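Let me begin by presenting the structure, written as structure tokens, before commenting on it.
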Amino acid sequence: MSTEATKERVAPAWEETRLDARPVEPSRLIDARRRFDVCHVGLVLRAVLGVQLVLALGLAMTSNTPAQWVWSMGGATVGSLSAVLAWLLIVCAAKNVLARWPEWAQWAAPIGLGALCALGGARLLEAVELGRLGAMQGMAAALSGALAAAVLLGWLKLRERAQAPADALARLVELQSRIRPHFLFNTLNTAIALVRVDPTRAEEVLEDLAELFRVALEDAGPTAEGVRLDQEVELARRYLAIEQLRFGDRLRVHWQLDPHASDARVPPLLLQPLVENAVRHGVEPNDHGGDVDIVTRARGGEIEIRIVNSVGLPSRGQGHGLALRNVRQRLRLMHDVAARLEAGPGEGRFVVRIVMPR
């Protein structure tokens, strides 16, 4: 192959793998958008239960009998639930707009909205004839709504600040596991062995390795809100293609992919460390190799991901569960209690099962 032809082939590949090839949103904008993402089931439950608990304690102090407290709670719940859910829905729908506003406006608008929603909930009680509010009571309802919105907004800011270092730690651990010396050594040896006998395959190995490192080293900003599941599947395919050259027929991979789940948003670097664990503990220690199954399925508003590997001899180096812990942590940060990860042995196989919103 001539030098000119080589340059023509290398240049486009280099351009595709540049870390600055796509525009990066400002980190402040991404953090603010994450702060106002109040659509998660877990956050909605916490907000509703928190308001109801405060309301129940307040009404208990003004009620003379349990029956009076129950009657008061029944009426007040209509207004409080309406106010809380309306605030959450409006903030969730306007999160992209709020994220672009200055800091003072990001506080003032949700707090003012909380006052309006609480006042609207109080007026709803009058509309359904469950109570009648005077001017002082209406003002108290509005101030209570503003205070509740301020408390919830403060908690969201603390949650967003706590999330950033956790994301960085998870990315760092995955990067460390990705560049384990023996993995890099084996991959480069595979490419060297193929250079003379099959240069095309050697080039494919190096391209797959370059893509793995590009994803591991790219800035966290563009993927802070998650990546598409089909992107994670493609990354896992590249990793398994490298390992397939090393293990040959000993590594048997089976894919069952639901196309309806491909556009789901998942935390970055989700599948590859789990697939790597499956190869390391289920295939590598066994002379006859093993099977790795990757299954995705969409069902209603959720997706299910399963990574299953056969279990034979114990691996030479026992793992510390870092990959599972970090995946579980990132799922919790992105979807709170709406996502779950289950891992454990079953009938000669080790199964990792992830269920999360689409």
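Each chain of the structure tokens is named A, B, ... in the order shown, its residues numbered from 1; ligands are numbered from 1 in display order.
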- Query: Skipping near chain neighbours, those fewer than 5 positions away, what residues fall within 12 Å of Leu341 of chain A using only C-alpha atoms, listed as an NGL selection string?
  - Reply: :A and (270 or 274 or 304-307 or 323-332 or 335-336 or 351-356)
Put those residues in a file: N, CA, C and O atoms, as an mmCIF file, in the first residue's frame.
```
data_model
loop_
_atom_site.group_PDB
_atom_site.id
_atom_site.type_symbol
_atom_site.label_atom_id
_atom_site.label_comp_id
_atom_site.auth_asym_id
_atom_site.auth_seq_id
_atom_site.Cartn_x
_atom_site.Cartn_y
_atom_site.Cartn_z
ATOM 1 N N LEU A 270 -22.183 1.704 30.503
ATOM 2 C CA LEU A 270 -23.019 0.798 31.287
ATOM 3 C C LEU A 270 -22.753 -0.662 30.949
ATOM 4 O O LEU A 270 -22.513 -1.483 31.828
ATOM 5 N N LEU A 274 -19.809 -4.620 32.374
ATOM 6 C CA LEU A 274 -20.551 -5.830 32.727
ATOM 7 C C LEU A 274 -20.209 -6.974 31.775
ATOM 8 O O LEU A 274 -20.068 -8.130 32.195
ATOM 9 N N GLU A 304 -35.525 -3.641 29.901
ATOM 10 C CA GLU A 304 -34.806 -4.640 30.682
ATOM 11 C C GLU A 304 -33.535 -5.025 29.930
ATOM 12 O O GLU A 304 -33.563 -5.254 28.716
ATOM 13 N N ILE A 305 -32.431 -5.064 30.642
ATOM 14 C CA ILE A 305 -31.145 -5.467 30.078
ATOM 15 C C ILE A 305 -30.633 -6.636 30.902
ATOM 16 O O ILE A 305 -30.579 -6.551 32.135
ATOM 17 N N ARG A 306 -30.248 -7.725 30.226
ATOM 18 C CA ARG A 306 -29.695 -8.889 30.926
ATOM 19 C C ARG A 306 -28.372 -9.283 30.304
ATOM 20 O O ARG A 306 -28.264 -9.404 29.084
ATOM 21 N N ILE A 307 -27.371 -9.464 31.151
ATOM 22 C CA ILE A 307 -26.076 -10.010 30.741
ATOM 23 C C ILE A 307 -25.888 -11.312 31.502
ATOM 24 O O ILE A 307 -25.819 -11.307 32.738
ATOM 25 N N ALA A 323 -17.319 -2.936 39.340
ATOM 26 C CA ALA A 323 -18.157 -2.630 38.174
ATOM 27 C C ALA A 323 -19.631 -2.628 38.554
ATOM 28 O O ALA A 323 -20.376 -1.713 38.205
ATOM 29 N N LEU A 324 -20.063 -3.647 39.289
ATOM 30 C CA LEU A 324 -21.473 -3.716 39.687
ATOM 31 C C LEU A 324 -21.844 -2.559 40.594
ATOM 32 O O LEU A 324 -22.922 -1.965 40.455
ATOM 33 N N ARG A 325 -20.977 -2.219 41.540
ATOM 34 C CA ARG A 325 -21.290 -1.126 42.458
ATOM 35 C C ARG A 325 -21.397 0.202 41.718
ATOM 36 O O ARG A 325 -22.290 1.010 41.999
ATOM 37 N N ASN A 326 -20.489 0.426 40.763
ATOM 38 C CA ASN A 326 -20.519 1.691 40.046
ATOM 39 C C ASN A 326 -21.702 1.788 39.085
ATOM 40 O O ASN A 326 -22.288 2.851 38.924
ATOM 41 N N VAL A 327 -22.046 0.674 38.449
ATOM 42 C CA VAL A 327 -23.229 0.678 37.589
ATOM 43 C C VAL A 327 -24.476 0.942 38.422
ATOM 44 O O VAL A 327 -25.346 1.739 38.043
ATOM 45 N N ARG A 328 -24.576 0.291 39.576
ATOM 46 C CA ARG A 328 -25.726 0.504 40.450
ATOM 47 C C ARG A 328 -25.803 1.963 40.912
ATOM 48 O O ARG A 328 -26.886 2.561 40.968
ATOM 49 N N GLN A 329 -24.651 2.547 41.226
ATOM 50 C CA GLN A 329 -24.615 3.935 41.670
ATOM 51 C C GLN A 329 -25.073 4.881 40.571
ATOM 52 O O GLN A 329 -25.862 5.803 40.802
ATOM 53 N N ARG A 330 -24.604 4.662 39.342
ATOM 54 C CA ARG A 330 -24.978 5.549 38.252
ATOM 55 C C ARG A 330 -26.445 5.409 37.889
ATOM 56 O O ARG A 330 -27.105 6.381 37.525
ATOM 57 N N LEU A 331 -26.980 4.199 37.977
ATOM 58 C CA LEU A 331 -28.413 4.015 37.745
ATOM 59 C C LEU A 331 -29.227 4.774 38.787
ATOM 60 O O LEU A 331 -30.241 5.403 38.470
ATOM 61 N N ARG A 332 -28.784 4.705 40.035
ATOM 62 C CA ARG A 332 -29.499 5.405 41.103
ATOM 63 C C ARG A 332 -29.432 6.915 40.899
ATOM 64 O O ARG A 332 -30.419 7.624 41.115
ATOM 65 N N HIS A 335 -31.765 7.629 37.647
ATOM 66 C CA HIS A 335 -33.189 7.294 37.679
ATOM 67 C C HIS A 335 -33.730 7.097 39.086
ATOM 68 O O HIS A 335 -34.900 6.723 39.235
ATOM 69 N N ASP A 336 -32.890 7.302 40.110
ATOM 70 C CA ASP A 336 -33.321 7.179 41.495
ATOM 71 C C ASP A 336 -33.919 5.785 41.721
ATOM 72 O O ASP A 336 -33.369 4.800 41.237
ATOM 73 N N VAL A 351 -26.201 -14.062 36.374
ATOM 74 C CA VAL A 351 -27.134 -13.173 35.685
ATOM 75 C C VAL A 351 -27.059 -11.780 36.294
ATOM 76 O O VAL A 351 -27.130 -11.617 37.515
ATOM 77 N N VAL A 352 -26.894 -10.780 35.427
ATOM 78 C CA VAL A 352 -27.030 -9.376 35.819
ATOM 79 C C VAL A 352 -28.251 -8.834 35.087
ATOM 80 O O VAL A 352 -28.322 -8.881 33.863
ATOM 81 N N ARG A 353 -29.204 -8.331 35.853
ATOM 82 C CA ARG A 353 -30.475 -7.853 35.267
ATOM 83 C C ARG A 353 -30.687 -6.415 35.694
ATOM 84 O O ARG A 353 -30.625 -6.082 36.876
ATOM 85 N N ILE A 354 -30.927 -5.561 34.698
ATOM 86 C CA ILE A 354 -31.166 -4.133 34.931
ATOM 87 C C ILE A 354 -32.544 -3.781 34.388
ATOM 88 O O ILE A 354 -32.885 -4.130 33.257
ATOM 89 N N VAL A 355 -33.343 -3.105 35.197
ATOM 90 C CA VAL A 355 -34.644 -2.603 34.770
ATOM 91 C C VAL A 355 -34.651 -1.106 35.053
ATOM 92 O O VAL A 355 -34.327 -0.673 36.161
ATOM 93 N N MET A 356 -35.010 -0.319 34.035
ATOM 94 C CA MET A 356 -34.964 1.138 34.171
ATOM 95 C C MET A 356 -35.993 1.769 33.252
ATOM 96 O O MET A 356 -36.470 1.138 32.291
#
```
- Do you know which residues are at most 12 Å from Ala141 of chain A counting only C-alpha atoms, after dropping those on the same chain fewer than 5 positions away, and could you put them as a PyMOL selection string? chain A and resi 55+76+79-80+83+114-123+125+133-136+146-148
File dump, residues just selected, C-alpha atoms, as a PDB file, in the first residue's frame:
```pdb
ATOM      1  CA  LEU A  55     -49.496  18.725  56.552  1.00  0.00           C
ATOM      2  CA  ALA A  76     -56.402  19.331  52.737  1.00  0.00           C
ATOM      3  CA  GLY A  79     -55.457  20.868  47.664  1.00  0.00           C
ATOM      4  CA  SER A  80     -51.919  19.817  48.625  1.00  0.00           C
ATOM      5  CA  ALA A  83     -50.461  21.928  44.213  1.00  0.00           C
ATOM      6  CA  GLY A 114     -44.881  27.210  44.451  1.00  0.00           C
ATOM      7  CA  ALA A 115     -46.861  30.079  45.963  1.00  0.00           C
ATOM      8  CA  LEU A 116     -49.245  30.178  42.982  1.00  0.00           C
ATOM      9  CA  CYS A 117     -49.770  26.402  42.969  1.00  0.00           C
ATOM     10  CA  ALA A 118     -50.464  26.335  46.697  1.00  0.00           C
ATOM     11  CA  LEU A 119     -52.936  29.210  46.354  1.00  0.00           C
ATOM     12  CA  GLY A 120     -54.591  27.410  43.441  1.00  0.00           C
ATOM     13  CA  GLY A 121     -54.858  24.236  45.530  1.00  0.00           C
ATOM     14  CA  ALA A 122     -56.461  26.198  48.339  1.00  0.00           C
ATOM     15  CA  ARG A 123     -58.985  27.745  45.949  1.00  0.00           C
ATOM     16  CA  LEU A 125     -61.044  23.379  48.123  1.00  0.00           C
ATOM     17  CA  LEU A 133     -60.575  30.408  53.073  1.00  0.00           C
ATOM     18  CA  GLY A 134     -60.233  33.973  54.198  1.00  0.00           C
ATOM     19  CA  ALA A 135     -57.566  36.416  53.056  1.00  0.00           C
ATOM     20  CA  MET A 136     -55.217  35.470  55.890  1.00  0.00           C
ATOM     21  CA  ALA A 146     -43.288  29.141  48.487  1.00  0.00           C
ATOM     22  CA  LEU A 147     -41.480  27.675  51.501  1.00  0.00           C
ATOM     23  CA  ALA A 148     -42.063  24.100  50.318  1.00  0.00           C
TER      24      ALA A 148
END
```
- Separation of atom CA of Gly312 of chain A and atom CA of Ala191 of chain A, in Å? 28.6 Å
- Given the choices A:Glu243, A:Val44, A:Gly301, A:Val38, which gets closest to Ala93 of chain A if the distance is worked out from only C-alpha atoms?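 Result for the nearest residue to Ala93 of chain A: A:Val38.
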- Item | Exercise: segment 194-199 of chain A partners within 10 Å, only C-alpha atoms, chain neighbours under 6 positions left out, as a list in words | Leu188, Val205 and Leu245 of chain A
- Item | Backbone DSSP call of strand (DSSP E or B) for segment 50-283 of chain A, listed as JSON, numbers by chain | {"A": [227, 228, 251, 252, 253, 254, 255, 256, 265, 266]}
- Just how far from atom CA of Leu235 of chain A is atom CA of Pro273 of chain A, in Å to one decimal?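 These atoms are spaced 10.5 Å apart.
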- Item | Contact residues around Gly74 of chain A with only C-alpha atoms at 12 Å, ignoring same-chain residues under 3 positions, as a PyMOL selection string | chain A and resi 52+55-56+59+67-71+77-81+125+130-131
- Query: So which residues touch Gly226 of chain A within 6 Å, counting only C-alpha atoms, skipping near sequence neighbours fewer than 3 positions away, as an NGL selection string?
  - Reply: :A and (223 or 265-268)
Emit the selected residues as an mmCIF file, in the first residue's frame, including all heavy atoms.
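This is the output file out-v5.cif:
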```
data_model
loop_
_atom_site.group_PDB
_atom_site.id
_atom_site.type_symbol
_atom_site.label_atom_id
_atom_site.label_comp_id
_atom_site.auth_asym_id
_atom_site.auth_seq_id
_atom_site.Cartn_x
_atom_site.Cartn_y
_atom_site.Cartn_z
ATOM 1 N N THR A 223 -22.410 13.547 27.739
ATOM 2 C CA THR A 223 -23.129 12.329 28.103
ATOM 3 C C THR A 223 -23.698 12.401 29.506
ATOM 4 O O THR A 223 -24.068 11.393 30.076
ATOM 5 C CB THR A 223 -22.196 11.108 28.004
ATOM 6 O OG1 THR A 223 -21.048 11.328 28.846
ATOM 7 C CG2 THR A 223 -21.744 10.897 26.587
ATOM 8 N N ARG A 265 -32.426 6.010 27.042
ATOM 9 C CA ARG A 265 -31.266 6.702 27.578
ATOM 10 C C ARG A 265 -30.737 5.941 28.794
ATOM 11 O O ARG A 265 -31.483 5.626 29.720
ATOM 12 C CB ARG A 265 -31.627 8.125 28.000
ATOM 13 C CG ARG A 265 -32.323 8.946 26.935
ATOM 14 C CD ARG A 265 -31.485 9.155 25.695
ATOM 15 N NE ARG A 265 -30.323 9.993 25.939
ATOM 16 C CZ ARG A 265 -29.533 10.433 24.978
ATOM 17 N NH1 ARG A 265 -29.772 10.114 23.705
ATOM 18 N NH2 ARG A 265 -28.483 11.184 25.246
ATOM 19 N N VAL A 266 -29.452 5.639 28.759
ATOM 20 C CA VAL A 266 -28.818 4.875 29.836
ATOM 21 C C VAL A 266 -27.544 5.606 30.264
ATOM 22 O O VAL A 266 -27.002 6.421 29.517
ATOM 23 C CB VAL A 266 -28.473 3.443 29.384
ATOM 24 C CG1 VAL A 266 -29.730 2.695 28.957
ATOM 25 C CG2 VAL A 266 -27.453 3.447 28.257
ATOM 26 N N PRO A 267 -27.038 5.346 31.467
ATOM 27 C CA PRO A 267 -25.772 5.961 31.875
ATOM 28 C C PRO A 267 -24.641 5.532 30.939
ATOM 29 O O PRO A 267 -24.618 4.392 30.470
ATOM 30 C CB PRO A 267 -25.557 5.411 33.293
ATOM 31 C CG PRO A 267 -26.903 5.013 33.761
ATOM 32 C CD PRO A 267 -27.644 4.553 32.543
ATOM 33 N N PRO A 268 -23.695 6.417 30.654
ATOM 34 C CA PRO A 268 -22.571 6.033 29.789
ATOM 35 C C PRO A 268 -21.710 4.968 30.434
ATOM 36 O O PRO A 268 -21.630 4.859 31.659
ATOM 37 C CB PRO A 268 -21.799 7.343 29.605
ATOM 38 C CG PRO A 268 -22.183 8.186 30.777
ATOM 39 C CD PRO A 268 -23.598 7.816 31.098
#
```
- Task: Tell me, as a ChimeraX atom specification, which residues lie within 10 Å of Asp230 of chain A, counting only C-alpha atoms; anything in the same chain fewer than 3 positions away does not count.
- Result: /A:227,233-236,257,259,261-266
- Item | Val151 of chain A environment, 12 Å, only C-alpha atoms, sequence neighbours closer than 3 positions dropped, as a PyMOL selection string | chain A and resi 47+50-51+107+110-111+114+144-148+154-158
- Counting only C-alpha atoms, the residue among A:Gln137, A:His288, A:Leu85, A:Glu126 that lies closest to Arg250 of chain A is A:His288
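The space between atom CA of Leu152 of chain A and atom CA of Asp37 of chain A spans 12.2 Å.
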